[in-house]
Amino acid sequence: MISRKKTIEMIDKIDAMFPDAECELVHKNPFELTIAVLLSAQCTDNLVNKVTRELFKKYKGPEDFIAVEQAELEQDIRSIGLFRNKAKNIQKLSKDVIERFDGIIPDNYDDLVSLAGVGRKTANVVISVAFGVPRIAVDTHVERVSKRLGIARYKDSVLEVEQTLMKKVPEDRWSRTHHQMIFFGRYHCTARNPKCEACPLLDDCREGQKRMKKAGLL
DNA sequence: CTCCCGATAT
DNA sequence: ATATCAGGAG
């Protein structure tokens with residue numbers, strides 16, 4: 001596993017590649033962001049945005065989500081996938097937000113993860129993006145990139161990756177680095193065909209070195 | 001660990 | 001055809 005110093009060198013290079021990285025999920029308020037992140041599980045944010053742009057015209061707040069039958073909401077989000085679980089969770093979450101939090105999405109981690117369909121990653125995204133709390137939400141991209149670069153170990157759990165990142169990345173860069181690692185993973189260090197041959201981090205990247213050697217390009 | 005699940009890229 | 005997508009619950 002590489003050092004904190006080496007990690008900072010690498011995230012500096014990713015920072016130069018994606019200086020404008022930010023949350024790409026369409027939302028107008030913390031509640032919409034929470035719904036969008038919940039819907040984004042195992043789905044591209046492109047498709048989530050296509051659905052939520054229409055969804056948020058029909059459902060303005062938690063009251064609207066519990067005013068319809070579950071089957072109707074299922075149809076409205078069907079194309080996203082995992083739609084039965086997500087519809088059920090959205091209605092349970094909406095009911096809870098109204099009854100326990102006066103209709104307002106809570107701004108702290110513990111209350112957020114107490115909501116249906118909201119786990120550690122989703123709660124971290126919400127408090128980070130909506131409320132400005134420094135966090136590194138570890139999704140599939142952040143996990144893959146961290147492991148390929150050697151910042152974390154391949155055997156590490158998601159939670160271990162998060163804890164390692166918090167140790168090696170300066171706290172004032174957590175939220176920014178989080179988004180930049182997602183962009184890096186989504187547009188450059190992709191799961192299938194990572195662009196190692198055109199990567200500024202190739203010299204420092206274990207996985208990249210391995211792949212170049214295997215491809216006979218080194 | 002398994003299940004949930006449609007859309008898209010390769 | 002199949003791997004992958006801003007995961008979470010049981």
# chains A, B, ... in the order shown; residues from 1 in each chain; ligands from 1
$ residues_around --residues "region 106-121 of chain A" --least-positions-apart "5" --cutoff "8 Å" --atoms "only C-alpha atoms (C1' of nucleotides)" --output "list in words"
Leu38, Lys86, Asn89, Ile90, Lys92, Leu93, Asp96, Val97, Phe101, Ile127, Phe131, Ala137, Val138 and Asp139 of chain A; DG7, DG8 and DA9 of chain C
$ closest_atom_pairs --of "chain A" --to "chain C" --cutoff "12 Å" --atoms "only C-alpha atoms (C1' of nucleotides)" --output "tab-separated table"
residue	atom	partner	partner_atom	distance
A:Glu22	CA	C:DA6	C1'	11.5
A:Cys23	CA	C:DA6	C1'	8.9
A:Glu24	CA	C:DA6	C1'	9.0
A:Leu25	CA	C:DA6	C1'	8.6
A:Leu33	CA	C:DA6	C1'	11.7
A:Thr34	CA	C:DA6	C1'	11.8
A:Ala36	CA	C:DA6	C1'	9.7
A:Val37	CA	C:DA6	C1'	7.0
A:Leu38	CA	C:DG7	C1'	8.1
A:Leu39	CA	C:DG7	C1'	9.4
A:Ser40	CA	C:DA6	C1'	6.1
A:Ala41	CA	C:DG7	C1'	4.8
A:Gln42	CA	C:DC5	C1'	4.8
A:Cys43	CA	C:DC5	C1'	4.2
A:Thr44	CA	C:DC5	C1'	4.8
A:Asp45	CA	C:DA6	C1'	6.9
A:Asn46	CA	C:DC5	C1'	9.9
A:Leu47	CA	C:DC5	C1'	9.7
A:Val48	CA	C:DA6	C1'	10.2
A:Asn49	CA	C:DA6	C1'	11.9
A:Ile80	CA	C:DC5	C1'	10.3
A:Gly81	CA	C:DC5	C1'	10.5
A:Leu82	CA	C:DG7	C1'	10.6
A:Asn85	CA	C:DA9	C1'	9.2
A:Lys86	CA	C:DG8	C1'	9.7
A:Lys88	CA	C:DA9	C1'	11.8
A:Asn89	CA	C:DG8	C1'	10.0
A:Val113	CA	C:DG8	C1'	10.5
A:Leu115	CA	C:DG8	C1'	11.1
A:Ala116	CA	C:DG8	C1'	8.8
A:Gly117	CA	C:DG8	C1'	5.9
A:Val118	CA	C:DG8	C1'	7.1
A:Gly119	CA	C:DG8	C1'	6.1
A:Arg120	CA	C:DG8	C1'	9.1
A:Lys121	CA	C:DG7	C1'	7.7
A:Thr122	CA	C:DG7	C1'	8.2
A:Ala123	CA	C:DG7	C1'	11.5
A:Asn124	CA	C:DA6	C1'	11.3
A:Val125	CA	C:DA6	C1'	8.8
A:Val126	CA	C:DA6	C1'	11.6
A:Ile136	CA	C:DA6	C1'	11.9
A:Ala137	CA	C:DA6	C1'	8.9
A:Val138	CA	C:DA6	C1'	8.7
A:Asp139	CA	C:DA6	C1'	5.8
A:Thr140	CA	C:DA6	C1'	7.4
A:His141	CA	C:DA6	C1'	7.8
A:Val142	CA	C:DA6	C1'	9.2
A:Glu143	CA	C:DA6	C1'	11.3
A:Val158	CA	C:DG7	C1'	11.1
A:His178	CA	C:DA6	C1'	10.7
A:His179	CA	C:DA6	C1'	9.6
A:Met181	CA	C:DA6	C1'	11.1
A:Ile182	CA	C:DA6	C1'	7.8
A:Phe183	CA	C:DA6	C1'	10.2
A:Gly185	CA	C:DA6	C1'	10.8
A:Arg186	CA	C:DA6	C1'	9.7
A:Thr190	CA	C:DT4	C1'	9.9
A:Ala191	CA	C:DT4	C1'	7.5
A:Arg192	CA	C:DA3	C1'	7.9
A:Asn193	CA	C:DA3	C1'	11.4
$ write_last_selection --atoms "C-alpha atoms" --output "PDB file, in the first residue's frame"
ATOM      1  CA  GLU A  22     -18.895  17.664  -9.208  1.00  0.00           C
ATOM      2  CA  CYS A  23     -22.067  15.762  -8.377  1.00  0.00           C
ATOM      3  CA  GLU A  24     -23.796  14.944 -11.677  1.00  0.00           C
ATOM      4  CA  LEU A  25     -27.093  13.822 -10.180  1.00  0.00           C
ATOM      5  CA  LEU A  33     -30.651  14.532  -3.914  1.00  0.00           C
ATOM      6  CA  THR A  34     -31.441  11.744  -1.441  1.00  0.00           C
ATOM      7  CA  ALA A  36     -31.593  10.513  -6.768  1.00  0.00           C
ATOM      8  CA  VAL A  37     -28.727   8.840  -4.894  1.00  0.00           C
ATOM      9  CA  LEU A  38     -31.028   6.066  -3.683  1.00  0.00           C
ATOM     10  CA  LEU A  39     -32.126   5.469  -7.275  1.00  0.00           C
ATOM     11  CA  SER A  40     -28.546   5.474  -8.549  1.00  0.00           C
ATOM     12  CA  ALA A  41     -27.645   2.109  -7.002  1.00  0.00           C
ATOM     13  CA  GLN A  42     -26.413  -0.239  -9.756  1.00  0.00           C
ATOM     14  CA  CYS A  43     -27.459   2.243 -12.428  1.00  0.00           C
ATOM     15  CA  THR A  44     -25.721   4.946 -14.463  1.00  0.00           C
ATOM     16  CA  ASP A  45     -26.414   8.507 -13.321  1.00  0.00           C
ATOM     17  CA  ASN A  46     -27.220   9.358 -16.925  1.00  0.00           C
ATOM     18  CA  LEU A  47     -30.276   7.134 -16.790  1.00  0.00           C
ATOM     19  CA  VAL A  48     -31.155   8.305 -13.271  1.00  0.00           C
ATOM     20  CA  ASN A  49     -31.208  11.916 -14.472  1.00  0.00           C
ATOM     21  CA  ILE A  80     -33.852   2.322 -13.556  1.00  0.00           C
ATOM     22  CA  GLY A  81     -33.873  -1.304 -12.400  1.00  0.00           C
ATOM     23  CA  LEU A  82     -34.236  -2.764  -8.864  1.00  0.00           C
ATOM     24  CA  ASN A  85     -37.056  -2.364  -3.727  1.00  0.00           C
ATOM     25  CA  LYS A  86     -36.447   1.260  -4.637  1.00  0.00           C
ATOM     26  CA  LYS A  88     -40.793   0.499  -1.484  1.00  0.00           C
ATOM     27  CA  ASN A  89     -37.831   2.264   0.119  1.00  0.00           C
ATOM     28  CA  VAL A 113     -28.804   6.030   7.590  1.00  0.00           C
ATOM     29  CA  LEU A 115     -33.976   5.946   6.584  1.00  0.00           C
ATOM     30  CA  ALA A 116     -35.043   3.084   4.299  1.00  0.00           C
ATOM     31  CA  GLY A 117     -32.722   2.511   1.375  1.00  0.00           C
ATOM     32  CA  VAL A 118     -30.101   4.896   2.737  1.00  0.00           C
ATOM     33  CA  GLY A 119     -26.812   3.205   3.583  1.00  0.00           C
ATOM     34  CA  ARG A 120     -23.369   4.536   4.391  1.00  0.00           C
ATOM     35  CA  LYS A 121     -22.490   5.587   0.854  1.00  0.00           C
ATOM     36  CA  THR A 122     -25.768   7.427   0.215  1.00  0.00           C
ATOM     37  CA  ALA A 123     -25.677   9.200   3.595  1.00  0.00           C
ATOM     38  CA  ASN A 124     -22.112  10.335   2.936  1.00  0.00           C
ATOM     39  CA  VAL A 125     -23.041  11.747  -0.467  1.00  0.00           C
ATOM     40  CA  VAL A 126     -26.002  13.664   0.970  1.00  0.00           C
ATOM     41  CA  ILE A 136     -15.417  10.452   0.990  1.00  0.00           C
ATOM     42  CA  ALA A 137     -18.327   8.325  -0.173  1.00  0.00           C
ATOM     43  CA  VAL A 138     -16.923   5.073  -1.526  1.00  0.00           C
ATOM     44  CA  ASP A 139     -18.888   3.852  -4.535  1.00  0.00           C
ATOM     45  CA  THR A 140     -17.874   1.357  -7.205  1.00  0.00           C
ATOM     46  CA  HIS A 141     -15.615   3.896  -8.965  1.00  0.00           C
ATOM     47  CA  VAL A 142     -13.819   5.151  -5.863  1.00  0.00           C
ATOM     48  CA  GLU A 143     -13.253   1.571  -4.726  1.00  0.00           C
ATOM     49  CA  VAL A 158     -15.608  -0.723   1.230  1.00  0.00           C
ATOM     50  CA  HIS A 178     -14.257  12.106  -3.894  1.00  0.00           C
ATOM     51  CA  HIS A 179     -15.855  13.611  -7.014  1.00  0.00           C
ATOM     52  CA  MET A 181     -12.010   9.951  -8.295  1.00  0.00           C
ATOM     53  CA  ILE A 182     -15.510   9.233  -9.575  1.00  0.00           C
ATOM     54  CA  PHE A 183     -14.867  11.203 -12.774  1.00  0.00           C
ATOM     55  CA  GLY A 185     -13.130   6.096 -12.746  1.00  0.00           C
ATOM     56  CA  ARG A 186     -16.106   6.921 -14.955  1.00  0.00           C
ATOM     57  CA  THR A 190     -13.039   2.566 -16.484  1.00  0.00           C
ATOM     58  CA  ALA A 191     -13.918  -0.918 -15.294  1.00  0.00           C
ATOM     59  CA  ARG A 192     -13.607  -2.627 -18.697  1.00  0.00           C
ATOM     60  CA  ASN A 193     -10.982  -0.862 -20.791  1.00  0.00           C
TER      61      ASN A 193
END
$ select_by_dssp --residues "chain A" --states "helix (DSSP H, G or I)" --output "PyMOL selection string"
chain A and resi 4-17+30-39+45-58+62-66+70-80+83-101+109-113+120-129+140-149+158-168+171-187+196-198+202-204+206-214
$ closest_atom_pairs --of "chain B" --to "chain A" --cutoff "6 Å" --atoms "only C-alpha atoms (C1' of nucleotides)" --output "Markdown table"
| residue | atom | partner | partner_atom | distance |
| --- | --- | --- | --- | --- |
| B:DC4 | C1' | A:Leu82 | CA | 5.2 |
| B:DC5 | C1' | A:Gly81 | CA | 4.4 |
| B:DG6 | C1' | A:Gly81 | CA | 4.4 |
$ atom_distance --atom1 "CA of Lys214 (chain A)" --atom2 "CA of Phe18 (chain A)"
28.0 Å
$ atom_distance --atom1 "CA of Ile35 (chain A)" --atom2 "CA of Val133 (chain A)"
18.8 Å
$ atom_distance --atom1 "CA of Lys210 (chain A)" --atom2 "CA of Pro194 (chain A)"
12.2 Å
$ residues_around --residues "Val169 (chain A)" --least-positions-apart "3" --cutoff "9 Å" --atoms "only C-alpha atoms (C1' of nucleotides)" --output "PyMOL selection string"
chain A and resi 4+7-8+11+164-166+172-174+177
$ write_last_selection --atoms "C-alpha atoms" --output "PDB file, in the first residue's frame"
ATOM      1  CA  ARG A   4       0.130   9.362   2.204  1.00  0.00           C
ATOM      2  CA  THR A   7      -1.307   9.346  -2.535  1.00  0.00           C
ATOM      3  CA  ILE A   8      -1.303  13.141  -2.534  1.00  0.00           C
ATOM      4  CA  ILE A  11      -4.688  12.892  -6.441  1.00  0.00           C
ATOM      5  CA  THR A 164      -7.668   4.440   4.314  1.00  0.00           C
ATOM      6  CA  LEU A 165      -8.661   7.319   2.051  1.00  0.00           C
ATOM      7  CA  MET A 166      -9.509   9.508   5.045  1.00  0.00           C
ATOM      8  CA  ASP A 172      -9.984  19.754   3.289  1.00  0.00           C
ATOM      9  CA  ARG A 173      -9.770  17.801   0.027  1.00  0.00           C
ATOM     10  CA  TRP A 174     -12.119  14.908   0.890  1.00  0.00           C
ATOM     11  CA  THR A 177     -11.175  14.291  -4.272  1.00  0.00           C
TER      12      THR A 177
END
$ residues_around --residues "region 52-63 of chain A" --least-positions-apart "3" --cutoff "8 Å" --atoms "only C-alpha atoms (C1' of nucleotides)" --output "count of residues only"
16
$ decode --residues "region 66-140 of chain A" --atoms "C-alpha atoms" --output "compact mmCIF listing (two decimals), in the first residue's frame"
# COMPACT_ATOMS: atom_id res chain seq x y z
CA ILE A 66 -46.82 8.48 -0.36
CA ALA A 67 -49.97 9.76 -2.09
CA VAL A 68 -49.77 7.10 -4.83
CA GLU A 69 -49.96 3.31 -4.85
CA GLN A 70 -46.60 1.53 -4.78
CA ALA A 71 -47.35 0.01 -8.20
CA GLU A 72 -47.66 3.47 -9.74
CA LEU A 73 -44.33 4.63 -8.38
CA GLU A 74 -42.78 1.37 -9.55
CA GLN A 75 -43.85 2.13 -13.11
CA ASP A 76 -42.49 5.68 -12.86
CA ILE A 77 -39.01 4.41 -11.97
CA ARG A 78 -39.13 1.02 -13.72
CA SER A 79 -36.42 1.73 -16.30
CA ILE A 80 -33.85 2.32 -13.56
CA GLY A 81 -33.87 -1.30 -12.40
CA LEU A 82 -34.24 -2.76 -8.86
CA PHE A 83 -37.50 -0.82 -9.08
CA ARG A 84 -39.57 -2.79 -6.56
CA ASN A 85 -37.06 -2.36 -3.73
CA LYS A 86 -36.45 1.26 -4.64
CA ALA A 87 -40.15 2.17 -4.82
CA LYS A 88 -40.79 0.50 -1.48
CA ASN A 89 -37.83 2.26 0.12
CA ILE A 90 -38.78 5.67 -1.29
CA GLN A 91 -42.28 5.40 0.17
CA LYS A 92 -40.99 4.17 3.53
CA LEU A 93 -38.38 6.92 3.55
CA SER A 94 -40.93 9.59 2.64
CA LYS A 95 -43.31 8.47 5.39
CA ASP A 96 -40.45 8.55 7.89
CA VAL A 97 -39.21 11.96 6.81
CA ILE A 98 -42.71 13.35 7.40
CA GLU A 99 -43.37 11.59 10.71
CA ARG A 100 -39.94 11.78 12.34
CA PHE A 101 -38.29 14.79 10.70
CA ASP A 102 -41.18 17.17 10.03
CA GLY A 103 -40.93 16.65 6.27
CA ILE A 104 -37.31 17.77 6.08
CA ILE A 105 -34.34 15.56 5.16
CA PRO A 106 -32.04 15.40 8.22
CA ASP A 107 -28.59 16.94 7.86
CA ASN A 108 -26.64 14.39 9.89
CA TYR A 109 -25.30 10.91 9.16
CA ASP A 110 -27.04 8.92 11.91
CA ASP A 111 -30.52 10.16 11.04
CA LEU A 112 -29.91 9.67 7.31
CA VAL A 113 -28.80 6.03 7.59
CA SER A 114 -31.88 5.34 9.72
CA LEU A 115 -33.98 5.95 6.58
CA ALA A 116 -35.04 3.08 4.30
CA GLY A 117 -32.72 2.51 1.37
CA VAL A 118 -30.10 4.90 2.74
CA GLY A 119 -26.81 3.21 3.58
CA ARG A 120 -23.37 4.54 4.39
CA LYS A 121 -22.49 5.59 0.85
CA THR A 122 -25.77 7.43 0.22
CA ALA A 123 -25.68 9.20 3.60
CA ASN A 124 -22.11 10.34 2.94
CA VAL A 125 -23.04 11.75 -0.47
CA VAL A 126 -26.00 13.66 0.97
CA ILE A 127 -24.18 15.30 3.90
CA SER A 128 -21.23 16.04 1.65
CA VAL A 129 -23.02 17.46 -1.40
CA ALA A 130 -26.11 18.96 0.25
CA PHE A 131 -24.69 20.08 3.60
CA GLY A 132 -20.98 20.67 2.94
CA VAL A 133 -19.68 18.11 5.44
CA PRO A 134 -16.25 16.71 4.39
CA ARG A 135 -16.73 13.04 3.43
CA ILE A 136 -15.42 10.45 0.99
CA ALA A 137 -18.33 8.33 -0.17
CA VAL A 138 -16.92 5.07 -1.53
CA ASP A 139 -18.89 3.85 -4.53
CA THR A 140 -17.87 1.36 -7.20
